[in-house]
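start17.tsv follows; it contains TSV, C-alpha atoms.
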```tsv
chain	number	residue	atom	x	y	z
A	1	MET	CA	75.89	35.69	127.85
A	2	ASP	CA	76.54	37.86	130.92
A	3	ARG	CA	75.15	35.12	133.14
A	4	LEU	CA	77.61	32.62	131.69
A	5	LYS	CA	80.48	35.02	132.38
A	6	GLU	CA	79.48	35.03	136.05
A	7	ILE	CA	80.02	31.29	136.52
A	8	GLU	CA	83.76	31.18	135.74
A	9	GLU	CA	85.21	32.14	139.13
A	10	PRO	CA	82.94	30.04	141.41
A	11	LEU	CA	83.07	27.13	138.98
A	12	LEU	CA	86.85	26.95	138.78
A	13	ARG	CA	87.25	27.48	142.54
A	14	TRP	CA	84.85	24.62	143.21
A	15	TYR	CA	86.67	22.40	140.72
A	16	GLU	CA	90.03	22.99	142.37
A	17	GLU	CA	88.62	21.84	145.69
A	18	ASN	CA	86.34	19.00	144.57
A	19	ARG	CA	87.64	17.36	141.40
A	20	ARG	CA	88.09	13.63	141.55
A	21	PRO	CA	91.64	12.26	141.25
A	22	LEU	CA	90.92	10.32	138.07
A	23	PRO	CA	93.87	8.50	136.48
A	24	TRP	CA	93.65	10.38	133.18
A	25	ARG	CA	93.89	13.67	135.07
A	26	MET	CA	97.28	12.83	136.56
A	27	ARG	CA	98.96	13.89	133.33
A	28	ARG	CA	97.64	15.91	130.43
A	29	ASP	CA	98.53	13.17	127.99
A	30	PRO	CA	96.44	13.47	124.80
A	31	TYR	CA	96.36	9.71	124.21
A	32	GLU	CA	95.14	9.00	127.74
A	33	ILE	CA	92.54	11.76	127.53
A	34	TRP	CA	91.29	10.36	124.21
A	35	ILE	CA	90.99	6.82	125.55
A	36	SER	CA	89.22	7.97	128.72
A	37	GLU	CA	86.71	10.12	126.85
A	38	ILE	CA	85.74	7.30	124.50
A	39	MET	CA	85.45	4.84	127.40
A	40	CYS	CA	83.35	7.21	129.49
A	41	GLN	CA	80.68	7.54	126.82
A	42	GLN	CA	77.64	5.61	128.09
A	43	THR	CA	79.67	4.16	131.01
A	44	ARG	CA	80.06	5.36	134.61
A	45	VAL	CA	83.46	6.80	135.49
A	46	GLU	CA	83.96	4.46	138.45
A	47	VAL	CA	83.49	1.49	136.11
A	48	VAL	CA	85.86	2.92	133.51
A	49	GLU	CA	88.85	3.30	135.83
A	50	GLY	CA	89.64	-0.42	135.92
A	51	TYR	CA	89.22	-0.81	132.16
A	52	PHE	CA	91.37	2.27	131.56
A	53	ALA	CA	94.27	0.90	133.62
A	54	ARG	CA	94.12	-2.49	131.90
A	55	PHE	CA	93.90	-0.93	128.44
A	56	LEU	CA	96.85	1.43	129.00
A	57	GLU	CA	98.97	-1.36	130.42
A	58	ALA	CA	98.35	-3.47	127.31
A	59	LEU	CA	98.41	-0.62	124.76
A	60	PRO	CA	100.45	2.26	126.24
A	61	THR	CA	100.93	4.16	122.97
A	62	ILE	CA	99.08	5.08	119.82
A	63	GLU	CA	101.44	2.84	117.89
A	64	ALA	CA	100.55	-0.12	120.10
A	65	LEU	CA	96.85	0.54	119.53
A	66	ALA	CA	97.36	0.82	115.78
A	67	ASP	CA	99.20	-2.53	115.66
A	68	CYS	CA	96.96	-4.49	118.05
A	69	PRO	CA	95.24	-7.57	116.56
A	70	GLU	CA	91.50	-6.97	116.43
A	71	GLU	CA	90.63	-10.02	118.50
A	72	ARG	CA	92.89	-8.83	121.33
A	73	LEU	CA	91.48	-5.30	121.08
A	74	MET	CA	87.94	-6.63	121.40
A	75	LYS	CA	88.95	-8.65	124.47
A	76	LEU	CA	90.46	-5.55	126.09
A	77	TRP	CA	87.22	-3.69	125.38
A	78	GLU	CA	85.01	-6.53	126.63
A	79	GLY	CA	82.40	-5.25	129.06
A	80	LEU	CA	82.40	-1.65	127.86
A	81	GLY	CA	79.98	-2.29	124.99
A	82	TYR	CA	79.69	-0.24	121.81
A	83	TYR	CA	82.55	-2.21	120.25
A	84	ASN	CA	82.61	-0.07	117.11
A	85	ARG	CA	84.09	2.68	119.27
A	86	ALA	CA	87.15	0.51	119.84
A	87	ARG	CA	87.38	-0.27	116.13
A	88	ASN	CA	87.09	3.44	115.30
A	89	MET	CA	89.84	4.21	117.80
A	90	GLN	CA	92.13	1.76	116.08
A	91	THR	CA	91.35	3.24	112.67
A	92	ALA	CA	92.08	6.70	114.07
A	93	ALA	CA	95.34	5.45	115.62
A	94	ARG	CA	96.44	4.22	112.21
A	95	GLN	CA	95.52	7.60	110.71
A	96	VAL	CA	97.64	9.31	113.37
A	97	MET	CA	100.59	7.02	112.63
A	98	GLU	CA	100.30	7.77	108.91
A	99	LEU	CA	99.50	11.49	109.01
A	100	TYR	CA	100.90	12.85	112.28
A	101	GLN	CA	103.94	10.72	113.14
A	102	GLY	CA	102.16	8.97	116.00
A	103	GLU	CA	101.09	12.12	117.88
A	104	LEU	CA	97.51	13.34	118.15
A	105	PRO	CA	97.40	16.72	116.37
A	106	ALA	CA	97.15	19.88	118.49
A	107	ASP	CA	94.40	21.18	116.25
A	108	PHE	CA	90.63	20.99	116.84
A	109	GLU	CA	89.67	20.55	113.18
A	110	ALA	CA	92.41	18.01	112.54
A	111	LEU	CA	91.23	15.99	115.54
A	112	LYS	CA	87.70	15.97	114.15
A	113	GLY	CA	89.09	14.51	110.94
A	114	LEU	CA	90.04	11.31	112.78
A	115	LYS	CA	87.67	8.33	112.76
A	116	GLY	CA	85.23	8.33	115.65
A	117	ILE	CA	86.21	11.75	117.02
A	118	GLY	CA	83.43	14.32	117.02
A	119	ASP	CA	83.12	17.83	118.38
A	120	TYR	CA	82.95	16.80	122.02
A	121	THR	CA	85.95	14.45	122.06
A	122	ALA	CA	88.00	16.79	119.87
A	123	GLY	CA	87.16	19.65	122.22
A	124	ALA	CA	88.17	17.66	125.29
A	125	ILE	CA	91.53	16.63	123.80
A	126	ALA	CA	92.25	20.10	122.42
A	127	ALA	CA	91.38	21.95	125.64
A	128	ILE	CA	92.69	19.55	128.29
A	129	ALA	CA	95.84	18.27	126.58
A	130	TYR	CA	96.83	21.27	124.47
A	131	GLY	CA	95.23	24.27	126.19
A	132	ILE	CA	93.25	25.27	123.10
A	133	PRO	CA	90.14	27.26	124.13
A	134	VAL	CA	87.44	25.00	122.68
A	135	PRO	CA	84.33	23.84	124.58
A	136	ALA	CA	83.60	20.15	125.15
A	137	VAL	CA	79.83	19.92	125.41
A	138	ASP	CA	78.34	16.64	126.62
A	139	GLY	CA	75.06	15.84	128.36
A	140	ASN	CA	76.36	16.98	131.73
A	141	VAL	CA	77.40	20.35	130.33
A	142	LEU	CA	74.09	20.83	128.50
A	143	ARG	CA	72.24	20.17	131.76
A	144	VAL	CA	74.31	22.70	133.71
A	145	ILE	CA	73.96	25.43	131.09
A	146	SER	CA	70.24	24.79	130.58
A	147	ARG	CA	69.66	25.27	134.30
A	148	VAL	CA	71.95	28.27	134.74
A	149	THR	CA	70.15	30.09	131.91
A	150	GLU	CA	66.77	28.41	132.57
A	151	SER	CA	66.59	27.49	128.90
A	152	ARG	CA	63.65	25.35	127.81
A	153	GLU	CA	65.09	24.54	124.41
A	154	ASP	CA	65.34	20.87	123.49
A	155	ILE	CA	68.94	19.74	124.13
A	156	ALA	CA	68.39	16.77	121.81
A	157	LYS	CA	68.47	19.20	118.89
A	158	GLN	CA	71.84	19.70	117.24
A	159	SER	CA	71.09	23.41	116.79
A	160	VAL	CA	70.80	23.85	120.57
A	161	ARG	CA	74.09	22.05	121.17
A	162	ARG	CA	75.76	24.28	118.56
A	163	ARG	CA	74.41	27.41	120.22
A	164	VAL	CA	75.69	26.31	123.65
A	165	GLU	CA	79.11	25.57	122.13
A	166	GLN	CA	79.26	29.06	120.62
A	167	GLU	CA	78.17	30.73	123.85
A	168	LEU	CA	80.76	28.86	125.89
A	169	LEU	CA	83.46	29.57	123.32
A	170	ALA	CA	82.82	33.29	123.81
A	171	VAL	CA	83.24	33.22	127.60
A	172	MET	CA	85.67	30.40	128.43
A	173	PRO	CA	88.99	31.52	129.98
A	174	LYS	CA	91.85	31.44	127.49
A	175	ASP	CA	94.39	30.52	130.19
A	176	ARG	CA	92.46	27.53	131.67
A	177	PRO	CA	90.23	26.03	128.98
A	178	GLY	CA	90.90	22.45	130.04
A	179	ASP	CA	89.99	23.10	133.66
A	180	TYR	CA	86.90	25.03	132.57
A	181	ASP	CA	85.64	22.19	130.39
A	182	GLN	CA	86.35	19.58	133.06
A	183	ALA	CA	84.75	21.74	135.77
A	184	LEU	CA	81.48	21.90	133.85
A	185	MET	CA	81.54	18.16	133.24
A	186	GLU	CA	82.39	17.46	136.88
A	187	LEU	CA	79.67	19.72	138.22
A	188	GLY	CA	77.12	17.92	136.06
A	189	ALA	CA	78.42	14.53	137.20
A	190	LEU	CA	78.55	15.26	140.93
A	191	VAL	CA	76.14	18.11	141.79
A	192	CYS	CA	73.90	19.23	138.93
A	193	LEU	CA	72.36	15.77	138.66
A	194	PRO	CA	69.33	14.83	136.55
A	195	GLY	CA	65.79	15.51	137.70
A	196	ALA	CA	65.05	15.73	141.41
A	197	GLN	CA	68.52	14.42	142.26
A	198	ALA	CA	69.99	17.89	141.67
A	199	LYS	CA	71.96	19.09	144.71
A	200	CYS	CA	71.21	22.79	144.31
A	201	GLY	CA	72.06	23.54	147.94
A	202	GLN	CA	75.65	22.32	147.35
A	203	CYS	CA	76.13	24.00	143.98
A	204	PRO	CA	78.76	26.73	143.62
A	205	LEU	CA	76.61	28.33	140.90
A	206	LYS	CA	73.39	28.63	142.91
A	207	GLY	CA	73.87	32.38	143.24
A	208	CYS	CA	73.75	32.90	139.49
A	209	CYS	CA	71.54	29.97	138.41
A	210	LEU	CA	68.03	30.90	137.27
A	211	ALA	CA	66.71	27.36	137.75
A	212	ALA	CA	67.90	27.35	141.37
A	213	ALA	CA	66.35	30.78	141.96
A	214	HIS	CA	62.98	29.76	140.49
A	215	GLY	CA	62.89	26.15	141.71
A	216	THR	CA	62.78	24.71	138.20
A	217	ALA	CA	65.90	22.51	138.24
A	218	ASP	CA	63.85	19.31	138.28
A	219	GLN	CA	62.12	20.42	135.05
A	220	LEU	CA	65.34	21.05	133.13
A	221	PRO	CA	66.84	20.35	130.74
A	222	VAL	CA	64.11	19.70	128.20
A	223	LYS	CA	64.93	16.69	126.07
A	224	SER	CA	62.67	15.02	123.52
A	225	ARG	CA	62.23	11.29	123.93
A	226	PRO	CA	64.07	9.00	121.53
A	227	LYS	CA	62.14	6.64	119.29
A	228	SER	CA	60.96	3.49	121.00
A	229	ARG	CA	63.27	0.50	120.76
A	230	LYS	CA	62.44	-2.63	118.81
A	231	VAL	CA	61.92	-5.56	121.21
A	232	GLU	CA	63.28	-8.98	120.21
A	233	ALA	CA	62.74	-12.29	122.01
A	234	ARG	CA	65.75	-14.62	121.95
A	235	THR	CA	66.71	-17.99	123.39
A	236	VAL	CA	70.35	-18.28	124.49
A	237	LEU	CA	72.12	-21.64	124.76
A	238	VAL	CA	75.04	-22.43	127.06
A	239	ILE	CA	76.19	-25.71	125.49
A	240	GLN	CA	78.96	-27.50	127.41
A	241	ASP	CA	80.62	-30.88	127.61
A	242	GLY	CA	82.33	-30.14	130.91
A	243	GLU	CA	85.59	-28.66	129.66
A	244	HIS	CA	84.44	-26.80	126.57
A	245	VAL	CA	81.65	-24.42	125.64
A	246	ALA	CA	80.13	-23.74	122.24
A	247	ILE	CA	80.47	-20.19	120.94
A	248	ARG	CA	80.27	-18.68	117.48
A	249	ARG	CA	81.31	-15.51	115.70
A	250	ARG	CA	78.71	-12.98	114.62
A	251	ALA	CA	78.55	-11.55	111.12
A	252	SER	CA	81.04	-8.84	110.17
A	253	ARG	CA	78.28	-6.25	109.87
A	254	GLY	CA	75.37	-5.22	112.03
A	255	LEU	CA	74.77	-5.47	115.77
A	256	LEU	CA	77.82	-6.73	117.72
A	257	ALA	CA	79.63	-7.19	114.40
A	258	GLY	CA	82.52	-9.65	114.43
A	259	LEU	CA	82.25	-10.51	118.14
A	260	TYR	CA	81.84	-13.95	119.68
A	261	GLU	CA	78.55	-14.98	121.23
A	262	LEU	CA	76.69	-17.81	122.85
A	263	PRO	CA	74.49	-19.60	120.29
A	264	ASN	CA	71.05	-18.03	120.24
A	265	VAL	CA	67.92	-17.97	118.13
A	266	GLU	CA	64.91	-15.73	117.73
A	267	GLY	CA	61.90	-16.41	119.90
A	268	HIS	CA	61.46	-18.08	123.28
A	269	LEU	CA	61.81	-21.86	122.97
A	270	GLY	CA	60.44	-24.41	125.37
A	271	ARG	CA	62.52	-27.17	126.93
A	272	GLN	CA	61.78	-29.80	124.27
A	273	GLU	CA	62.18	-27.31	121.40
A	274	THR	CA	65.62	-26.43	122.78
A	275	LEU	CA	66.68	-30.08	122.99
A	276	ASP	CA	65.50	-30.63	119.41
A	277	LEU	CA	67.50	-27.58	118.29
A	278	VAL	CA	70.67	-28.91	119.91
A	279	ARG	CA	70.21	-32.24	118.15
A	280	GLU	CA	69.85	-30.36	114.85
A	281	MET	CA	73.35	-29.03	115.56
A	282	ASP	CA	74.56	-32.69	115.50
A	283	LEU	CA	75.13	-32.62	119.26
A	284	GLU	CA	73.72	-35.13	121.75
A	285	PRO	CA	72.14	-33.45	124.80
A	286	LEU	CA	72.41	-35.24	128.14
A	287	ARG	CA	70.87	-32.72	130.53
A	288	ILE	CA	69.16	-29.36	130.32
A	289	ARG	CA	68.65	-26.70	132.95
A	290	PRO	CA	66.67	-23.45	132.59
A	291	LEU	CA	68.73	-20.34	133.35
A	292	GLY	CA	65.83	-17.92	133.56
A	293	GLU	CA	65.07	-14.66	131.83
A	294	ALA	CA	67.33	-11.68	131.20
A	295	LYS	CA	67.15	-8.38	129.35
A	296	HIS	CA	69.75	-6.31	127.52
A	297	ILE	CA	69.17	-2.88	126.03
A	298	PHE	CA	71.08	-1.64	122.99
A	299	SER	CA	70.64	1.82	121.48
A	300	HIS	CA	67.75	0.83	119.22
A	301	VAL	CA	67.00	-2.78	120.16
A	302	GLU	CA	66.02	-4.53	123.37
A	303	TRP	CA	66.70	-8.23	123.78
A	304	ARG	CA	64.40	-10.19	126.10
A	305	MET	CA	66.18	-13.47	126.58
A	306	LEU	CA	65.46	-16.92	127.91
A	307	GLY	CA	68.48	-19.09	128.67
A	308	TYR	CA	69.23	-22.81	128.95
A	309	GLN	CA	72.34	-24.67	130.02
A	310	ILE	CA	72.71	-27.90	128.05
A	311	ARG	CA	75.23	-30.60	128.91
A	312	VAL	CA	76.17	-32.62	125.81
A	313	GLN	CA	78.31	-35.64	125.10
A	314	GLN	CA	82.00	-34.86	124.83
A	315	LEU	CA	82.65	-32.55	121.93
A	316	GLU	CA	84.99	-33.81	119.25
A	317	GLY	CA	87.35	-31.43	117.48
A	318	THR	CA	87.35	-27.66	117.80
A	319	ARG	CA	84.62	-26.73	115.30
A	320	GLN	CA	81.31	-27.98	114.01
A	321	GLY	CA	79.46	-25.89	111.46
A	322	ASP	CA	79.63	-22.32	112.71
A	323	LEU	CA	80.25	-23.43	116.30
A	324	ILE	CA	83.63	-23.13	117.99
A	325	PHE	CA	84.28	-25.38	120.98
A	326	ALA	CA	86.45	-23.29	123.29
A	327	GLY	CA	87.95	-24.10	126.66
A	328	ARG	CA	86.85	-21.98	129.59
A	329	GLU	CA	90.29	-20.44	129.90
A	330	ASP	CA	90.21	-19.48	126.21
A	331	VAL	CA	86.89	-17.75	126.71
A	332	ARG	CA	88.30	-15.83	129.67
A	333	GLU	CA	91.55	-14.85	127.97
A	334	ARG	CA	90.92	-14.76	124.23
A	335	TYR	CA	87.33	-14.46	123.10
A	336	ALA	CA	85.35	-11.28	123.74
A	337	ILE	CA	81.80	-12.18	124.76
A	338	PRO	CA	79.59	-9.05	124.72
A	339	SER	CA	77.97	-7.92	127.96
A	340	ALA	CA	74.58	-8.69	126.39
A	341	PHE	CA	75.25	-12.29	127.47
A	342	ASP	CA	76.47	-11.50	131.00
A	343	ALA	CA	73.43	-13.10	132.61
A	344	TYR	CA	74.50	-16.46	131.16
A	345	ALA	CA	78.26	-16.11	130.65
A	346	GLY	CA	78.84	-16.83	134.34
A	347	GLN	CA	78.02	-20.45	133.56
A	348	ILE	CA	81.13	-20.48	131.34
A	349	LYS	CA	83.58	-18.46	133.38
A	350	GLY	CA	82.47	-19.71	136.76
A	351	GLY	CA	81.75	-23.20	135.57
A	352	GLY	CA	78.25	-23.40	137.05
A	353	GLU	CA	77.46	-27.09	136.52
A	354	ASP	CA	73.94	-28.34	135.89
A	355	ARG	CA	72.55	-31.03	138.18
A	356	SER	CA	69.04	-31.42	136.84
A	357	GLY	CA	67.82	-34.30	134.72
A	358	SER	CA	66.80	-33.96	131.09
```
Can the structure from this file be put into structure tokens for me?
Amino acid sequence: MDRLKEIEEPLLRWYEENRRPLPWRMRRDPYEIWISEIMCQQTRVEVVEGYFARFLEALPTIEALADCPEERLMKLWEGLGYYNRARNMQTAARQVMELYQGELPADFEALKGLKGIGDYTAGAIAAIAYGIPVPAVDGNVLRVISRVTESREDIAKQSVRRRVEQELLAVMPKDRPGDYDQALMELGALVCLPGAQAKCGQCPLKGCCLAAAHGTADQLPVKSRPKSRKVEARTVLVIQDGEHVAIRRRASRGLLAGLYELPNVEGHLGRQETLDLVREMDLEPLRIRPLGEAKHIFSHVEWRMLGYQIRVQQLEGTRQGDLIFAGREDVRERYAIPSAFDAYAGQIKGGGEDRSGS
């Protein structure tokens, strides 16, 4: 505990001089902090900035988020992945409209009662926006604290996270809790990097860090490996008639629930098998071009994909079975295609035309 008390002054001094001018730091707006924290989960900050600006321009208030049509919300979230986070945000926004007159509550426990907001996000909103002394412990913070104390406990365990939260709660400054939380996050993001990337020579805490003193930073933190992912082979079809592309909506439950996708099937199909499959869709293929292999990793599943671009005779109508025939502009502006299909979606948005024979 005493060692954690020592880090406050050098940590906050470093933060004042080195913090990045991120857009959600310009004001201590609870809505903006909430949106940024959800977006930054599993996504690099430099990538989030553009999405954050677009999202806030379209949905500047909690009320606007609560009232947004789901299809538009999914399009605004397109590219960030983990689409259920956006759905949970909208559910929480509606809770805030109903229970708190459109303002996020200045109460840690009340924040945790909102859909999709756990200890970390509630702590960040409470401390940064409202000055409530509550820790916000993410992976960056766990790494910093594990190294400062040279702890070899498994940070994947919830009990270890709880202990770190309690220890930080006991030492965090009551007058600057938001800066303290952000300073720990920032140090982990910029200096106390994973493994051998750690910049111990540049760290403001090197004088009180046991891992720096003993040369063990590259060994910490200890984190048990997650279960291995299930690997699935899939064949992805980019079916076009020149002006339109075939897409379809996924089931309302499960992976990528309710989003639009390129038609795809399990397994890796050969050229002739793919042409036969397109004919089974009551479409007449004219040309086919291989688009190569691609991989996308979800939390528990890994897709190993093989893609084909198929030119078909002009599509009639706007639907056929579960297929929707959408114009390229509609795909760009209306339909959210998950990033899992990025390797092949360029054929839609950029209009990459096939020249090969069938």
Taking all atoms of stretch 95-102 of chain A that the file lists, what box with edges along x, y and z, padded by 3 Å per side, do you get, with centre and edge lengths in Å to one decimal, as JSON?
```
{"center_x": 99.7, "center_y": 9.9, "center_z": 112.5, "size_x": 14.4, "size_y": 11.8, "size_z": 13.1}
```
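Using only C-alpha atoms, the protein and nucleic acid residues lying no more than 10 Å from stretch 330-338 of chain A, apart from those fewer than 6 places from it along its own chain, are Glu71, Arg72, Leu73, Met74, Lys75, Leu76, Trp77, Glu78, Gly79, Leu80, Gly81, Tyr82, Tyr83, His244, Val245, Ile247, Arg248, Arg249, Leu256, Gly258, Leu259, Tyr260, Glu261, Leu262, Ala345, Ile348, Lys349 and Gly350 of chain A.
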Per residue of stretch 61-144 of chain A within 12 Å of stretch 149-155 of chain A, note the shortest atom pair and the distance in Å to one decimal, counting only C-alpha atoms, and order the rows by chain and increasing residue number, as JSON lines.
```
{"residue": "A:Val137", "atom": "CA", "partner": "A:Ile155", "partner_atom": "CA", "distance": 11.0}
{"residue": "A:Asp138", "atom": "CA", "partner": "A:Ile155", "partner_atom": "CA", "distance": 10.2}
{"residue": "A:Gly139", "atom": "CA", "partner": "A:Ile155", "partner_atom": "CA", "distance": 8.4}
{"residue": "A:Asn140", "atom": "CA", "partner": "A:Ile155", "partner_atom": "CA", "distance": 11.0}
{"residue": "A:Val141", "atom": "CA", "partner": "A:Ile155", "partner_atom": "CA", "distance": 10.5}
{"residue": "A:Leu142", "atom": "CA", "partner": "A:Ile155", "partner_atom": "CA", "distance": 6.8}
{"residue": "A:Arg143", "atom": "CA", "partner": "A:Ile155", "partner_atom": "CA", "distance": 8.3}
{"residue": "A:Val144", "atom": "CA", "partner": "A:Thr149", "partner_atom": "CA", "distance": 8.7}
```
Rows by chain and residue number, stretch 78-174 of chain A within 9 Å of stretch 2-23 of chain A, shortest pair, all atoms listed in the file, as JSON lines:
```
{"residue": "A:Ile145", "atom": "CA", "partner": "A:Leu4", "partner_atom": "CA", "distance": 8.1}
{"residue": "A:Val148", "atom": "CA", "partner": "A:Arg3", "partner_atom": "CA", "distance": 7.7}
{"residue": "A:Thr149", "atom": "CA", "partner": "A:Arg3", "partner_atom": "CA", "distance": 7.2}
{"residue": "A:Glu167", "atom": "CA", "partner": "A:Leu4", "partner_atom": "CA", "distance": 8.1}
{"residue": "A:Leu168", "atom": "CA", "partner": "A:Leu4", "partner_atom": "CA", "distance": 7.6}
{"residue": "A:Val171", "atom": "CA", "partner": "A:Lys5", "partner_atom": "CA", "distance": 5.8}
{"residue": "A:Met172", "atom": "CA", "partner": "A:Glu8", "partner_atom": "CA", "distance": 7.6}
{"residue": "A:Pro173", "atom": "CA", "partner": "A:Glu8", "partner_atom": "CA", "distance": 7.8}
```
Tell me, in Å to one decimal, how far atom CA of A:Gly116 is from atom CA of A:Lys157.
-> 20.2 Å
Work out how far atom CA of A:Arg25 is from atom CA of A:Ala127, in Å to one decimal.
->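 Going from atom CA of A:Ala127 over to atom CA of A:Arg25, I get 12.8 Å.
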Among A:Ser228, A:Thr121, A:Gln314, A:Ser252, A:Glu284 is approached most closely, using all atoms listed in the file, by A:Gln314
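Counting all atoms listed in the file, the residue from A:Gln101, A:Gln240, A:Gln95, A:Ser146 that sits nearest to A:Ala212 is A:Ser146.
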Nearest to A:Ile297, chosen from A:Arg94, A:Arg311, A:Lys230, A:Arg85, with only C-alpha atoms counted in the distances |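 Checking each candidate against A:Ile297, we get A:Lys230 as the closest.
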Straight-line distance linking atom CA of A:Ala251 with atom CA of A:Ala66, stated in Å to one decimal | 23.0 Å
Best match for closeness to A:Thr274 among A:Thr91, A:Gly254, A:Leu65, A:Gly307, counting all atoms listed in the file =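 Closest residue, counting all atoms listed in the file: A:Gly307.
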With a cut-off of 8 Å, could you pull out the residues of stretch 278-343 of chain A touching stretch 232-235 of chain A and give me the nearest pair of atoms for each, distance in Å to one decimal, using all atoms listed in the file, ordered by chain and ascending number, as JSON lines?
```
{"residue": "A:Val301", "atom": "CA", "partner": "A:Glu232", "partner_atom": "CA", "distance": 7.2}
{"residue": "A:Glu302", "atom": "CA", "partner": "A:Glu232", "partner_atom": "CA", "distance": 6.1}
{"residue": "A:Trp303", "atom": "CA", "partner": "A:Glu232", "partner_atom": "CA", "distance": 5.0}
{"residue": "A:Arg304", "atom": "CA", "partner": "A:Ala233", "partner_atom": "CA", "distance": 4.9}
{"residue": "A:Met305", "atom": "CA", "partner": "A:Arg234", "partner_atom": "CA", "distance": 4.8}
{"residue": "A:Leu306", "atom": "CA", "partner": "A:Thr235", "partner_atom": "CA", "distance": 4.8}
{"residue": "A:Gly307", "atom": "CA", "partner": "A:Thr235", "partner_atom": "CA", "distance": 5.7}
{"residue": "A:Tyr308", "atom": "CA", "partner": "A:Thr235", "partner_atom": "CA", "distance": 7.8}
```
Complete the atom set of stretch 333-344 of chain A to N, CA, C and O atoms and return it as a tab-separated table (two decimals), keeping the file's coordinate frame.
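Written file, rebuild13.tsv:
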```
chain	number	residue	atom	x	y	z
A	333	GLU	N	90.35	-15.57	128.39
A	333	GLU	CA	91.55	-14.85	127.97
A	333	GLU	C	91.53	-14.38	126.53
A	333	GLU	O	92.18	-13.40	126.20
A	334	ARG	N	90.79	-15.04	125.67
A	334	ARG	CA	90.92	-14.76	124.23
A	334	ARG	C	89.67	-14.20	123.58
A	334	ARG	O	89.74	-13.24	122.82
A	335	TYR	N	88.53	-14.81	123.83
A	335	TYR	CA	87.33	-14.46	123.10
A	335	TYR	C	86.52	-13.40	123.85
A	335	TYR	O	86.20	-13.57	125.02
A	336	ALA	N	86.16	-12.34	123.14
A	336	ALA	CA	85.35	-11.28	123.74
A	336	ALA	C	83.88	-11.63	123.60
A	336	ALA	O	83.34	-11.67	122.50
A	337	ILE	N	83.23	-11.91	124.73
A	337	ILE	CA	81.80	-12.18	124.76
A	337	ILE	C	81.09	-10.90	125.19
A	337	ILE	O	81.33	-10.39	126.29
A	338	PRO	N	80.23	-10.32	124.37
A	338	PRO	CA	79.59	-9.05	124.72
A	338	PRO	C	78.81	-9.12	126.02
A	338	PRO	O	78.31	-10.18	126.42
A	339	SER	N	78.68	-7.98	126.68
A	339	SER	CA	77.97	-7.92	127.96
A	339	SER	C	76.49	-8.27	127.82
A	339	SER	O	75.83	-8.54	128.82
A	340	ALA	N	75.97	-8.27	126.60
A	340	ALA	CA	74.58	-8.69	126.39
A	340	ALA	C	74.34	-10.09	126.94
A	340	ALA	O	73.22	-10.43	127.33
A	341	PHE	N	75.39	-10.91	127.02
A	341	PHE	CA	75.25	-12.29	127.47
A	341	PHE	C	75.71	-12.48	128.91
A	341	PHE	O	75.85	-13.62	129.37
A	342	ASP	N	75.94	-11.39	129.64
A	342	ASP	CA	76.47	-11.50	131.00
A	342	ASP	C	75.62	-12.38	131.91
A	342	ASP	O	76.14	-13.07	132.79
A	343	ALA	N	74.31	-12.33	131.73
A	343	ALA	CA	73.43	-13.10	132.61
A	343	ALA	C	73.69	-14.60	132.51
A	343	ALA	O	73.39	-15.35	133.44
A	344	TYR	N	74.27	-15.03	131.38
A	344	TYR	CA	74.50	-16.46	131.16
A	344	TYR	C	75.99	-16.82	131.06
A	344	TYR	O	76.34	-17.98	131.23
```
